[in-house]
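Below: query_10.cif (mmCIF, C-alpha atoms)
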```
data_coords
loop_
_atom_site.group_PDB
_atom_site.id
_atom_site.type_symbol
_atom_site.label_atom_id
_atom_site.label_comp_id
_atom_site.auth_asym_id
_atom_site.auth_seq_id
_atom_site.Cartn_x
_atom_site.Cartn_y
_atom_site.Cartn_z
ATOM 1 C CA MET O 1 -2.652 2.459 1.472
ATOM 2 C CA VAL O 2 -0.659 -0.291 3.185
ATOM 3 C CA THR O 3 -0.550 -0.146 6.976
ATOM 4 C CA LYS O 4 2.982 -0.221 8.377
ATOM 5 C CA VAL O 5 3.422 -2.156 11.631
ATOM 6 C CA LEU O 6 6.508 -1.886 13.810
ATOM 7 C CA LEU O 7 6.759 -5.264 15.535
ATOM 8 C CA VAL O 8 9.014 -5.075 18.587
ATOM 9 C CA GLU O 9 9.749 -8.604 19.788
ATOM 10 C CA ASP O 10 12.935 -10.317 20.953
ATOM 11 C CA HIS O 11 11.800 -13.960 20.623
ATOM 12 C CA GLU O 12 12.492 -15.232 17.124
ATOM 13 C CA GLU O 13 9.626 -17.749 17.025
ATOM 14 C CA LEU O 14 7.080 -15.094 17.904
ATOM 15 C CA TRP O 15 8.416 -12.383 15.559
ATOM 16 C CA GLU O 16 8.485 -14.909 12.690
ATOM 17 C CA PHE O 17 4.939 -16.086 13.480
ATOM 18 C CA LEU O 18 3.489 -12.595 13.822
ATOM 19 C CA SER O 19 5.349 -10.990 10.924
ATOM 20 C CA ARG O 20 4.363 -13.832 8.578
ATOM 21 C CA ARG O 21 0.689 -13.663 9.612
ATOM 22 C CA LEU O 22 0.578 -9.862 9.452
ATOM 23 C CA ARG O 23 2.192 -9.802 5.999
ATOM 24 C CA ARG O 24 -0.365 -12.344 4.761
ATOM 25 C CA ARG O 25 -3.048 -9.890 5.881
ATOM 26 C CA GLY O 26 -1.467 -7.130 3.791
ATOM 27 C CA PHE O 27 0.523 -5.264 6.451
ATOM 28 C CA ASP O 28 4.027 -3.933 5.847
ATOM 29 C CA VAL O 29 6.047 -5.212 8.848
ATOM 30 C CA VAL O 30 9.206 -3.617 10.222
ATOM 31 C CA LEU O 31 11.040 -5.472 12.993
ATOM 32 C CA ALA O 32 12.923 -4.322 16.073
ATOM 33 C CA HIS O 33 14.431 -6.780 18.542
ATOM 34 C CA ASP O 34 15.253 -4.560 21.513
ATOM 35 C CA GLY O 35 13.978 -1.376 23.083
ATOM 36 C CA GLN O 36 16.540 0.974 21.567
ATOM 37 C CA GLN O 37 15.908 -0.446 18.081
ATOM 38 C CA ALA O 38 12.197 0.156 18.679
ATOM 39 C CA ILE O 39 12.772 3.853 19.368
ATOM 40 C CA ASP O 40 15.134 4.177 16.394
ATOM 41 C CA GLN O 41 12.821 2.305 14.000
ATOM 42 C CA ALA O 42 9.748 4.241 15.139
ATOM 43 C CA ALA O 43 11.481 7.530 14.321
ATOM 44 C CA ALA O 44 12.963 6.314 11.024
ATOM 45 C CA GLU O 45 10.058 4.260 9.649
ATOM 46 C CA GLU O 46 7.057 6.259 10.914
ATOM 47 C CA PRO O 47 4.857 3.184 11.376
ATOM 48 C CA ASP O 48 1.079 3.421 11.569
ATOM 49 C CA ILE O 49 1.029 1.230 14.689
ATOM 50 C CA ILE O 50 3.493 -0.416 17.079
ATOM 51 C CA LEU O 51 3.150 -3.890 18.602
ATOM 52 C CA LEU O 52 5.427 -3.693 21.634
ATOM 53 C CA ASP O 53 6.695 -6.540 23.773
ATOM 54 C CA MET O 54 7.214 -5.194 27.294
ATOM 55 C CA ASN O 55 10.039 -7.525 28.306
ATOM 56 C CA LEU O 56 12.885 -6.482 25.996
ATOM 57 C CA PRO O 57 16.663 -6.267 26.153
ATOM 58 C CA VAL O 58 18.427 -2.868 26.304
ATOM 59 C CA LEU O 59 15.269 -0.881 27.200
ATOM 60 C CA ASP O 60 12.057 -2.454 28.500
ATOM 61 C CA GLY O 61 8.723 -1.804 26.833
ATOM 62 C CA TRP O 62 7.503 0.559 29.558
ATOM 63 C CA THR O 63 10.534 2.798 28.994
ATOM 64 C CA VAL O 64 10.107 2.571 25.220
ATOM 65 C CA ALA O 65 6.420 3.540 25.398
ATOM 66 C CA GLY O 66 7.206 6.523 27.592
ATOM 67 C CA ARG O 67 9.987 7.750 25.324
ATOM 68 C CA LEU O 68 7.861 7.334 22.201
ATOM 69 C CA ARG O 69 5.061 9.353 23.807
ATOM 70 C CA ALA O 70 7.532 12.084 24.792
ATOM 71 C CA GLU O 71 8.826 12.668 21.241
ATOM 72 C CA ASP O 72 6.754 14.698 18.805
ATOM 73 C CA PRO O 73 7.148 12.506 15.693
ATOM 74 C CA THR O 74 6.168 9.314 17.549
ATOM 75 C CA ALA O 75 3.801 10.661 20.227
ATOM 76 C CA ARG O 76 0.602 9.864 18.311
ATOM 77 C CA ILE O 77 1.476 6.405 16.966
ATOM 78 C CA PRO O 78 -0.853 3.811 18.519
ATOM 79 C CA ILE O 79 0.978 1.258 20.683
ATOM 80 C CA ILE O 80 -0.373 -2.152 21.644
ATOM 81 C CA ALA O 81 1.525 -3.895 24.427
ATOM 82 C CA VAL O 82 1.904 -7.564 23.477
ATOM 83 C CA THR O 83 3.265 -9.226 26.553
ATOM 84 C CA ALA O 84 3.492 -12.275 28.746
ATOM 85 C CA HIS O 85 2.969 -9.945 31.714
ATOM 86 C CA ALA O 86 -0.585 -10.987 32.469
ATOM 87 C CA MET O 87 -0.685 -10.403 36.195
ATOM 88 C CA ALA O 88 -3.280 -8.195 37.848
ATOM 89 C CA GLY O 89 -2.314 -4.589 37.250
ATOM 90 C CA ASP O 90 -0.072 -5.231 34.224
ATOM 91 C CA ARG O 91 -2.706 -3.930 31.788
ATOM 92 C CA SER O 92 -3.043 -0.739 33.833
ATOM 93 C CA LYS O 93 0.739 -0.414 34.016
ATOM 94 C CA ALA O 94 1.059 -0.731 30.216
ATOM 95 C CA LEU O 95 -1.687 1.839 29.626
ATOM 96 C CA ALA O 96 -0.126 4.213 32.174
ATOM 97 C CA ALA O 97 3.237 3.868 30.375
ATOM 98 C CA GLY O 98 1.646 5.180 27.170
ATOM 99 C CA CYS O 99 0.264 2.112 25.424
ATOM 100 C CA ASP O 100 -3.167 2.397 23.841
ATOM 101 C CA ASP O 101 -4.120 -1.235 24.356
ATOM 102 C CA TYR O 102 -2.864 -4.476 25.883
ATOM 103 C CA HIS O 103 -2.721 -8.010 24.472
ATOM 104 C CA PRO O 104 -1.521 -10.859 26.715
ATOM 105 C CA LYS O 105 0.534 -13.729 25.325
ATOM 106 C CA PRO O 106 -0.029 -16.292 24.002
ATOM 107 C CA VAL O 107 -1.215 -14.250 21.048
ATOM 108 C CA ASP O 108 -4.837 -14.644 19.975
ATOM 109 C CA PHE O 109 -4.274 -13.497 16.380
ATOM 110 C CA PRO O 110 -7.926 -12.729 15.459
ATOM 111 C CA LEU O 111 -8.290 -10.671 18.640
ATOM 112 C CA LEU O 112 -4.997 -8.888 17.945
ATOM 113 C CA LEU O 113 -6.231 -7.973 14.437
ATOM 114 C CA THR O 114 -9.380 -6.503 15.984
ATOM 115 C CA GLN O 115 -7.269 -4.503 18.441
ATOM 116 C CA ILE O 116 -5.074 -3.229 15.590
ATOM 117 C CA ASP O 117 -8.136 -2.146 13.590
ATOM 118 C CA THR O 118 -9.625 -0.411 16.643
ATOM 119 C CA ALA O 119 -6.385 1.409 17.487
ATOM 120 C CA LEU O 120 -5.929 2.572 13.887
ATOM 121 C CA LEU O 121 -9.542 3.792 13.727
ATOM 122 C CA ARG O 122 -9.130 5.739 16.985
ATOM 123 C CA ALA O 123 -5.905 7.300 15.691
ATOM 124 C CA GLU O 124 -7.603 8.283 12.439
ATOM 125 C CA GLU O 125 -10.529 9.824 14.329
ATOM 126 C CA ALA O 126 -8.110 11.750 16.574
ATOM 127 C CA ASP O 127 -6.252 13.089 13.539
ATOM 128 C CA HIS O 128 -9.445 13.993 11.635
ATOM 129 C CA PRO O 129 -12.267 14.707 14.083
ATOM 130 C CA ALA O 130 -15.754 14.803 12.675
ATOM 131 C CA ALA O 131 -16.990 18.286 11.872
ATOM 132 C CA PRO O 132 -19.491 19.577 14.385
ATOM 133 C CA PRO O 133 -23.057 19.706 13.137
ATOM 134 C CA SER O 134 -23.939 22.910 11.398
ATOM 135 C CA SER O 135 -26.215 25.254 13.321
ATOM 136 C CA ALA O 136 -27.179 27.174 10.200
ATOM 137 C CA PRO O 137 -30.966 27.662 9.748
#
```
Could you write out this structure as structure tokens?
Amino acid sequence: MVTKVLLVEDHEELWEFLSRRLRRRGFDVVLAHDGQQAIDQAAAEEPDIILLDMNLPVLDGWTVAGRLRAEDPTARIPIIAVTAHAMAGDRSKALAAGCDDYHPKPVDFPLLLTQIDTALLRAEEADHPAAPPSSAP
């Protein structure tokens, strides 16, 4: 099964770089360039994971994350904040807004791939928890 990534980024150089690299790794990439498009695309495309810039036009990433978490069809999609906001407290702010992880720019692509894999694994485990051990004699 191909993993679908919703890449929400308003800077053309970065969305081209990331979408090209992700596609080379076998991901299906859907793009959104502002916060409202992100919400619309998340509902329409049902991605497996969302890479969300926090500094976006129309709606910022914190608002987008909160709205996605509030809607049933998108509430469980893992979100990784990918942002230039790398000040003390920004990671906590992104996690409090509903993001599952945080990746500061400039993008460290191997690390981002690891974060994607981890977020997808956690989502899979949450959807299909391991059966408790049997207590049968």
Would you work out the distance separating CA of Arg67 in chain O from CA of Ile39 in chain O, expressed in Å to one decimal? 7.6 Å
Residues matched by the PyMOL selection byres ((chain O and resi 60) around 12), written as a PyMOL selection string: chain O and resi 8-10+33-39+52-59+61-67+81+83+94+97
Box for range 16-31 of chain O - axis-aligned, 4 Å on each of the six sides, all listed atoms - centre and size in Å to one decimal, as AutoDock Vina command-line options.
```
--center_x 4.0 --center_y -9.9 --center_z 8.8 --size_x 22.1 --size_y 20.5 --size_z 18.0
```
Quote the spacing between CA of Leu51 in chain O and CA of Val2 in chain O in Å to one decimal place.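 Between CA of Leu51 in chain O and CA of Val2 in chain O the gap works out to 16.3 Å.
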Running the PyMOL selection byres ((chain O and resi 69) around 12) on this model by hand, what would come out? Give it as a list in words.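 Residues picked by the PyMOL selection byres ((chain O and resi 69) around 12): Ile39, Ala42, Ala43, Ile50, Trp62, Thr63, Val64, Ala65, Gly66, Arg67, Leu68, Ala70, Glu71, Asp72, Pro73, Thr74, Ala75, Arg76, Ile77, Pro78, Ile79, Leu95, Ala96, Ala97, Gly98, Cys99 and Asp100 of chain O.
With CA of Pro47 in chain O on one side and CA of Pro106 in chain O on the other, the separation reads 23.7 Å.
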Run the PyMOL selection byres ((chain O and resi 15-28) around 7) mentally over the shown coordinates, then write out the matched residues as a list of chain:residue names, using the chain letters and numbers from the document.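 Matching residues under the PyMOL selection byres ((chain O and resi 15-28) around 7) are O:Val2, O:Thr3, O:Lys4, O:Val5, O:Glu9, O:His11, O:Glu12, O:Glu13, O:Leu14, O:Val29, O:Val30.
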Can you spit out the residues from that selection as a PDB file, keeping the file's coordinate frame, using C-alpha atoms?
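Produced file again_7.pdb, reproduced below:
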```
ATOM      1  CA  VAL O   2      -0.659  -0.291   3.185  1.00  0.00           C
ATOM      2  CA  THR O   3      -0.550  -0.146   6.976  1.00  0.00           C
ATOM      3  CA  LYS O   4       2.982  -0.221   8.377  1.00  0.00           C
ATOM      4  CA  VAL O   5       3.422  -2.156  11.631  1.00  0.00           C
ATOM      5  CA  GLU O   9       9.749  -8.604  19.788  1.00  0.00           C
ATOM      6  CA  HIS O  11      11.800 -13.960  20.623  1.00  0.00           C
ATOM      7  CA  GLU O  12      12.492 -15.232  17.124  1.00  0.00           C
ATOM      8  CA  GLU O  13       9.626 -17.749  17.025  1.00  0.00           C
ATOM      9  CA  LEU O  14       7.080 -15.094  17.904  1.00  0.00           C
ATOM     10  CA  VAL O  29       6.047  -5.212   8.848  1.00  0.00           C
ATOM     11  CA  VAL O  30       9.206  -3.617  10.222  1.00  0.00           C
TER      12      VAL O  30
END
```
Counting only C-alpha atoms, figure out which residue out of O:Glu45, O:Asp90, O:Asp40, O:Asp101 gets nearest to Leu120 in chain O.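 Once distances to Leu120 in chain O are computed over only C-alpha atoms, the minimum belongs to O:Asp101.
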